[in-house]
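Undergrad: Just so it is clear, I am handing over structure.cif, which has mmCIF, C-alpha atoms.
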```cif
data_my_file
#
loop_
_atom_site.label_atom_id
_atom_site.label_comp_id
_atom_site.auth_asym_id
_atom_site.auth_seq_id
_atom_site.Cartn_x
_atom_site.Cartn_y
_atom_site.Cartn_z
CA MET M 1 139.68 132.32 -24.95
CA THR M 2 137.69 135.49 -24.49
CA LYS M 3 135.09 135.96 -21.78
CA ALA M 4 132.42 135.71 -24.47
CA SER M 5 133.79 132.34 -25.61
CA LEU M 6 133.88 131.06 -22.04
CA ALA M 7 130.29 132.17 -21.57
CA ARG M 8 129.23 130.44 -24.80
CA SER M 9 131.05 127.27 -23.69
CA ALA M 10 129.21 127.39 -20.36
CA ALA M 11 125.92 127.90 -22.19
CA ALA M 12 126.61 124.81 -24.29
CA GLY M 13 127.08 122.76 -21.13
CA VAL M 14 123.72 123.93 -19.79
CA LEU M 15 121.92 123.24 -23.07
CA ILE M 16 123.31 119.72 -23.42
CA CYS M 17 122.39 118.95 -19.81
CA MET M 18 118.87 120.17 -20.56
CA GLY M 19 118.82 117.63 -23.37
CA CYS M 20 119.89 114.92 -20.94
CA ILE M 21 117.16 115.85 -18.48
CA VAL M 22 114.35 115.90 -21.03
CA ASN M 23 115.55 112.58 -22.47
CA LEU M 24 115.34 111.02 -19.00
CA LYS M 25 111.97 112.60 -18.22
CA ALA M 26 110.58 111.31 -21.53
CA GLY M 27 111.72 107.78 -20.73
CA GLY M 28 114.36 107.62 -23.45
CA GLY M 29 113.74 105.91 -26.76
CA ILE M 30 112.94 107.84 -29.91
CA PRO M 31 110.78 110.44 -28.10
CA GLY M 32 113.59 111.18 -25.64
CA ALA M 33 116.17 111.33 -28.43
CA VAL M 34 114.10 113.74 -30.49
CA LEU M 35 113.54 115.96 -27.45
CA PHE M 36 117.25 115.82 -26.59
CA SER M 37 117.99 117.21 -30.05
CA ALA M 38 116.40 120.48 -28.94
CA GLY M 39 119.41 121.03 -26.70
CA LEU M 40 121.85 120.63 -29.60
CA TRP M 41 119.63 122.71 -31.87
CA PHE M 42 119.81 125.56 -29.36
CA VAL M 43 123.60 125.14 -29.25
CA VAL M 44 123.80 125.47 -33.04
CA ASN M 45 121.16 128.18 -33.37
CA PHE M 46 122.56 130.43 -30.63
CA ASN M 47 126.23 129.85 -31.50
CA ALA M 48 127.12 128.21 -28.18
CA GLU M 49 130.60 126.66 -28.15
CA LEU M 50 130.35 122.89 -27.78
CA PHE M 51 133.55 120.82 -27.94
CA THR M 52 131.96 117.95 -29.82
CA GLY M 53 130.59 120.35 -32.43
CA ARG M 54 133.74 122.43 -32.89
CA VAL M 55 136.67 120.13 -32.25
CA THR M 56 137.49 119.89 -35.97
CA GLN M 57 137.32 123.63 -36.57
CA ASP M 58 140.78 124.94 -37.40
CA ARG M 59 140.09 128.43 -36.01
CA TYR M 60 140.48 127.07 -32.47
CA SER M 61 143.88 126.19 -31.04
CA PRO M 62 144.33 122.91 -29.13
CA LEU M 63 144.40 124.89 -25.87
CA GLN M 64 141.15 126.68 -26.74
CA LYS M 65 139.50 123.35 -27.52
CA LEU M 66 140.67 121.94 -24.19
CA VAL M 67 139.32 124.94 -22.29
CA MET M 68 136.04 124.63 -24.19
CA LEU M 69 135.81 120.96 -23.24
CA LEU M 70 136.53 121.65 -19.58
CA MET M 71 133.94 124.41 -19.42
CA ASN M 72 131.35 122.22 -21.17
CA VAL M 73 131.99 119.32 -18.77
CA ILE M 74 132.08 121.41 -15.59
CA VAL M 75 128.87 123.28 -16.35
CA ALA M 76 127.01 120.21 -17.63
CA GLY M 77 128.09 118.42 -14.44
CA ALA M 78 126.93 121.29 -12.23
CA CYS M 79 123.60 121.37 -14.04
CA GLY M 80 123.31 117.61 -13.61
CA LEU M 81 123.99 117.82 -9.87
CA LEU M 82 121.20 120.35 -9.48
CA ALA M 83 118.89 118.11 -11.49
CA SER M 84 119.70 115.18 -9.17
CA VAL M 85 118.57 117.32 -6.24
CA PHE M 86 115.40 118.80 -7.71
CA LEU M 87 114.42 115.91 -10.01
CA PRO M 88 115.35 112.78 -8.02
CA ASP M 89 113.00 110.65 -10.11
CA ILE M 90 115.48 110.67 -13.00
CA THR M 91 118.58 109.52 -11.09
CA GLU M 92 117.87 105.81 -11.55
CA SER M 93 117.48 106.17 -15.33
CA ALA M 94 120.68 108.19 -15.49
CA ALA M 95 122.51 105.49 -13.52
CA LYS M 96 121.43 102.88 -16.08
CA ILE M 97 122.87 104.98 -18.90
CA VAL M 98 126.15 105.55 -17.08
CA ALA M 99 126.45 101.84 -16.26
CA ALA M 100 126.75 101.08 -19.98
CA TYR M 101 130.14 102.83 -20.04
CA ALA M 102 132.32 100.43 -18.07
CA ASP M 103 134.56 98.83 -20.70
CA PRO M 104 137.31 101.17 -22.02
CA LEU M 105 137.42 99.66 -25.52
CA LYS M 106 133.64 99.80 -25.80
CA VAL M 107 133.60 103.39 -24.52
CA LEU M 108 136.21 104.35 -27.13
CA TRP M 109 134.18 102.76 -29.92
CA GLN M 110 130.93 104.30 -28.67
CA SER M 111 132.48 107.76 -28.50
CA VAL M 112 134.19 107.53 -31.91
CA MET M 113 130.83 106.71 -33.46
CA CYS M 114 129.23 109.60 -31.58
CA GLY M 115 131.93 111.90 -32.94
CA VAL M 116 130.89 110.88 -36.44
CA CYS M 117 127.26 111.69 -35.63
CA MET M 118 128.15 115.04 -34.09
CA TYR M 119 130.24 116.12 -37.06
CA LEU M 120 127.37 115.30 -39.40
CA ALA M 121 124.89 117.05 -37.12
CA THR M 122 126.83 120.28 -36.65
CA SER M 123 129.40 120.64 -39.43
CA TRP M 124 128.15 118.92 -42.57
CA PRO M 125 127.85 119.97 -45.31
CA PRO M 126 130.93 122.23 -44.99
CA ALA M 127 129.51 124.62 -47.55
CA ALA M 128 126.57 125.47 -45.27
CA PRO M 129 126.40 129.13 -44.18
CA ALA M 130 128.26 130.02 -41.01
CA SER M 131 125.22 131.79 -39.58
CA PRO M 132 122.48 129.66 -37.96
CA ASP M 133 120.09 128.37 -40.56
CA GLN M 134 116.93 126.32 -40.21
CA SER M 135 118.17 123.92 -42.87
CA ARG M 136 120.59 122.47 -40.29
CA LEU M 137 117.68 121.24 -38.13
CA PRO M 138 117.28 117.85 -39.89
CA PHE M 139 121.02 117.19 -39.52
CA VAL M 140 120.82 117.98 -35.81
CA VAL M 141 117.75 115.83 -35.16
CA TYR M 142 118.95 112.83 -37.18
CA GLY M 143 122.46 113.03 -35.72
CA VAL M 144 121.20 113.12 -32.14
CA VAL M 145 118.61 110.39 -32.63
CA LEU M 146 121.26 108.20 -34.27
CA PHE M 147 123.78 108.52 -31.42
CA ILE M 148 121.24 108.16 -28.60
CA ILE M 149 119.30 105.20 -29.99
CA SER M 150 122.59 103.46 -30.89
CA GLY M 151 124.02 104.03 -27.40
CA TYR M 152 127.02 106.04 -28.59
CA GLY M 153 128.93 108.12 -26.05
CA HIS M 154 128.76 111.93 -26.04
CA SER M 155 131.35 113.22 -23.57
CA ILE M 156 129.43 116.33 -22.49
CA ALA M 157 126.13 114.48 -22.18
CA LEU M 158 127.94 111.80 -20.16
CA ALA M 159 129.09 114.52 -17.75
CA GLY M 160 125.45 115.50 -17.28
CA TYR M 161 124.21 111.92 -16.87
CA ALA M 162 127.08 111.06 -14.51
CA ALA M 163 126.31 114.05 -12.30
CA ILE M 164 122.62 113.18 -12.22
CA ALA M 165 123.50 109.58 -11.32
CA ARG M 166 126.24 110.84 -8.98
CA GLY M 167 128.88 108.47 -10.18
CA VAL M 168 131.10 107.42 -13.08
CA ALA M 169 134.65 106.09 -13.42
CA TRP M 170 137.18 108.94 -13.66
CA TRP M 171 138.46 107.86 -17.09
CA VAL M 172 135.13 107.66 -18.90
CA ILE M 173 134.63 111.32 -19.82
CA PRO M 174 138.25 112.01 -20.93
CA LEU M 175 138.24 108.83 -23.03
CA ALA M 176 134.85 109.71 -24.50
CA ALA M 177 136.10 113.20 -25.37
CA ALA M 178 139.14 111.74 -27.14
CA GLY M 179 136.90 109.31 -29.02
CA ASN M 180 134.50 112.09 -29.99
CA ALA M 181 137.40 114.10 -31.43
CA LEU M 182 138.78 111.07 -33.26
CA GLY M 183 135.41 110.23 -34.79
CA SER M 184 134.83 113.83 -35.90
CA TYR M 185 138.24 114.09 -37.57
CA LEU M 186 137.84 110.65 -39.16
CA ILE M 187 134.54 111.44 -40.88
CA ARG M 188 135.80 114.89 -41.85
CA PHE M 189 138.78 113.28 -43.58
CA LEU M 190 136.63 110.66 -45.32
CA LEU M 191 134.06 113.17 -46.57
CA SER M 192 136.40 116.03 -47.46
CA PRO M 193 140.08 114.94 -47.34
CA GLU M 194 141.18 118.24 -48.87
CA SER M 195 140.04 120.06 -45.70
CA VAL M 196 142.34 118.34 -43.18
CA PRO M 197 144.89 120.67 -41.51
CA TRP M 198 148.04 118.77 -42.51
CA LYS M 199 147.07 118.82 -46.20
CA LYS M 200 146.42 122.56 -46.05
CA LYS M 201 149.88 123.13 -44.57
CA ALA M 202 151.50 120.97 -47.26
CA GLU M 203 149.89 123.09 -49.96
#
```
Using structure tokens, write down the structure from this file.
TA:
Amino acid sequence: MTKASLARSAAAGVLICMGCIVNLKAGGGIPGAVLFSAGLWFVVNFNAELFTGRVTQDRYSPLQKLVMLLMNVIVAGACGLLASVFLPDITESAAKIVAAYADPLKVLWQSVMCGVCMYLATSWPPAAPASPDQSRLPFVVYGVVLFIISGYGHSIALAGYAAIARGVAWWVIPLAAAGNALGSYLIRFLLSPESVPWKKKAE
């Protein structure tokens, strides 16, 4: 990845953590979910590189996607740690969110469903222009509200919440990332099977 890509991946981590913070400060629920969507909207609008939004994009190699994920997680975690220091009133709420991710099978299901939401929020419809466009805003808001209110697991957001709460099992974020990728590819295949990489190669 180029330095610019690394910087955009770091920016995505910061923006998602900002979404986590405002969700906690708002007390969660629909208001918190709607405010969280601002973080993802900034990611989309400013072309930041977020793993959960770009994992199905064929222009990235598996290694580039892994580096993107690591940068997202590290920076979201660092942002979360700072938030735990300067905004200690939100640590208890963050701990309650993190506590919901204790069962591996449940975490996998939660993250697969979040992957579906994220694909719809950031990549659907596939015919949408590549440049940021205001018409994507409803997709972003509805996708974020759906995954937050439903309790689905977003790997990068979990890194932020875990850092704010200062604790999560080591396997949660990697499993959530795998589930996010699986969910994104699954809904991509169901909505546009002609776009999957292996079919393109066969043709």
Undergrad: Which region 50-157 of chain M residues have any atom within 8 Å of an atom of region 169-173 of chain M, and for each, what is the nearest pair of atoms with distance in Å to one decimal, counting all atoms listed in the file, rows sorted by chain and number, as JSON lines?
TA:
```
{"residue": "M:Tyr101", "atom": "CA", "partner": "M:Val172", "partner_atom": "CA", "distance": 7.0}
{"residue": "M:Ala102", "atom": "CA", "partner": "M:Ala169", "partner_atom": "CA", "distance": 7.7}
{"residue": "M:Pro104", "atom": "CA", "partner": "M:Val172", "partner_atom": "CA", "distance": 7.5}
{"residue": "M:Val107", "atom": "CA", "partner": "M:Val172", "partner_atom": "CA", "distance": 7.2}
{"residue": "M:Ser155", "atom": "CA", "partner": "M:Ile173", "partner_atom": "CA", "distance": 5.3}
{"residue": "M:Ile156", "atom": "CA", "partner": "M:Ile173", "partner_atom": "CA", "distance": 7.7}
```
Undergrad: Save the residues we just selected, C-alpha atoms, as a PDB file, in the frame of the given file?
TA:
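The file below, result.pdb, is the result:
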```pdb
ATOM      1  CA  TYR M 101     130.140 102.830 -20.040  1.00  0.00           C
ATOM      2  CA  ALA M 102     132.320 100.430 -18.070  1.00  0.00           C
ATOM      3  CA  PRO M 104     137.310 101.170 -22.020  1.00  0.00           C
ATOM      4  CA  VAL M 107     133.600 103.390 -24.520  1.00  0.00           C
ATOM      5  CA  SER M 155     131.350 113.220 -23.570  1.00  0.00           C
ATOM      6  CA  ILE M 156     129.430 116.330 -22.490  1.00  0.00           C
TER       7      ILE M 156
END
```
Undergrad: With the file shown as input, list the residues that the PyMOL selection byres ((chain M and resi 50) around 8) selects, as a ChimeraX atom specification.
TA: /M:9,12-13,43,48-49,51-54,68-69,72
Undergrad: Kindly save the residues from that selection, with C-alpha atoms included, as a CSV table (one decimal), in the coordinates of the input.
TA:
```csv
chain,number,residue,atom,x,y,z
M,9,SER,CA,131.0,127.3,-23.7
M,12,ALA,CA,126.6,124.8,-24.3
M,13,GLY,CA,127.1,122.8,-21.1
M,43,VAL,CA,123.6,125.1,-29.2
M,48,ALA,CA,127.1,128.2,-28.2
M,49,GLU,CA,130.6,126.7,-28.2
M,51,PHE,CA,133.6,120.8,-27.9
M,52,THR,CA,132.0,118.0,-29.8
M,53,GLY,CA,130.6,120.4,-32.4
M,54,ARG,CA,133.7,122.4,-32.9
M,68,MET,CA,136.0,124.6,-24.2
M,69,LEU,CA,135.8,121.0,-23.2
M,72,ASN,CA,131.4,122.2,-21.2
```
Undergrad: Can you sort out the box for region 27-31 of chain M, edges along x, y and z, all listed atoms in, 4 Å on every side, with centre and edge lengths in Å to one decimal, as lines of an AutoDock Vina configuration file?
TA:
```
center_x = 112.6
center_y = 108.2
center_z = -25.3
size_x = 11.6
size_y = 12.5
size_z = 17.2
```
Undergrad: Take the PyMOL selection byres ((chain M and resi 75) around 10), run it mentally on this structure, and tell me the resulting residues as a list in words.
TA: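 Applying the expression gives Ser9, Ala10, Ala11, Ala12, Gly13, Val14, Leu15, Ile16, Cys17, Leu70, Met71, Asn72, Val73, Ile74, Ala76, Gly77, Ala78, Cys79, Gly80, Leu81, Ile156, Ala159 and Gly160 of chain M.
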Undergrad: Name every residue that the PyMOL selection byres ((chain M and resi 178) around 12) selects in this structure, writing the answer as JSON, numbers by chain with chains first and numbers rising.
TA: {"M": [51, 52, 55, 65, 66, 69, 104, 107, 108, 109, 110, 111, 112, 113, 114, 115, 153, 154, 155, 156, 171, 172, 173, 174, 175, 176, 177, 179, 180, 181, 182, 183, 184, 185]}
Undergrad: Tell me, in Å to one decimal, how far CA of Phe147 (chain M) is from CA of Asp103 (chain M).
TA: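 Distance between the two atoms: 18.0 Å.
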Undergrad: Which value, in Å to one decimal, gives the distance between CA of Ala33 (chain M) and CA of Leu191 (chain M)?
TA: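 About the pair CA of Ala33 (chain M) and CA of Leu191 (chain M): they are 25.5 Å apart.
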Undergrad: Please compute the CA of Asp89 (chain M)-CA of Ser37 (chain M) distance, one decimal, in Å.
TA: 21.6 Å
Undergrad: If you count all atoms listed in the file, which residues fall within 12 Å of Pro88 (chain M), apart from same-chain ones fewer than 3 positions away, as an MDAnalysis selection string?
TA: chainID M and resid 21 24:25 80:85 91:95 163:166
Undergrad: Using only C-alpha atoms, pick whichever of M:Val116, M:Val67, M:Val144, M:Ala99 has the shortest atom-to-atom distance to Leu40 (chain M).
TA: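 For Leu40 (chain M), the nearest of the candidates is M:Val144.
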Undergrad: Taking into account all atoms listed in the file, which residue in the set M:Lys3, M:Leu158, M:Ser123, M:Arg8 is nearest to Phe46 (chain M)?
TA: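 Nearest to Phe46 (chain M): M:Arg8.
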Undergrad: Closest to Arg188 (chain M) among M:Met118, M:Ala100, M:Leu137, M:Ile149, using only C-alpha atoms?
TA: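 Using only C-alpha atoms, Arg188 (chain M) sits closest to M:Met118.
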Undergrad: Using only C-alpha atoms for the distances, tell me which of M:Glu194, M:Phe189, M:Tyr161, M:Ser150 is nearest to Ile30 (chain M).
TA: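 Checking each of M:Glu194, M:Phe189, M:Tyr161, M:Ser150 against Ile30 (chain M), counting only C-alpha atoms, the winner is M:Ser150.
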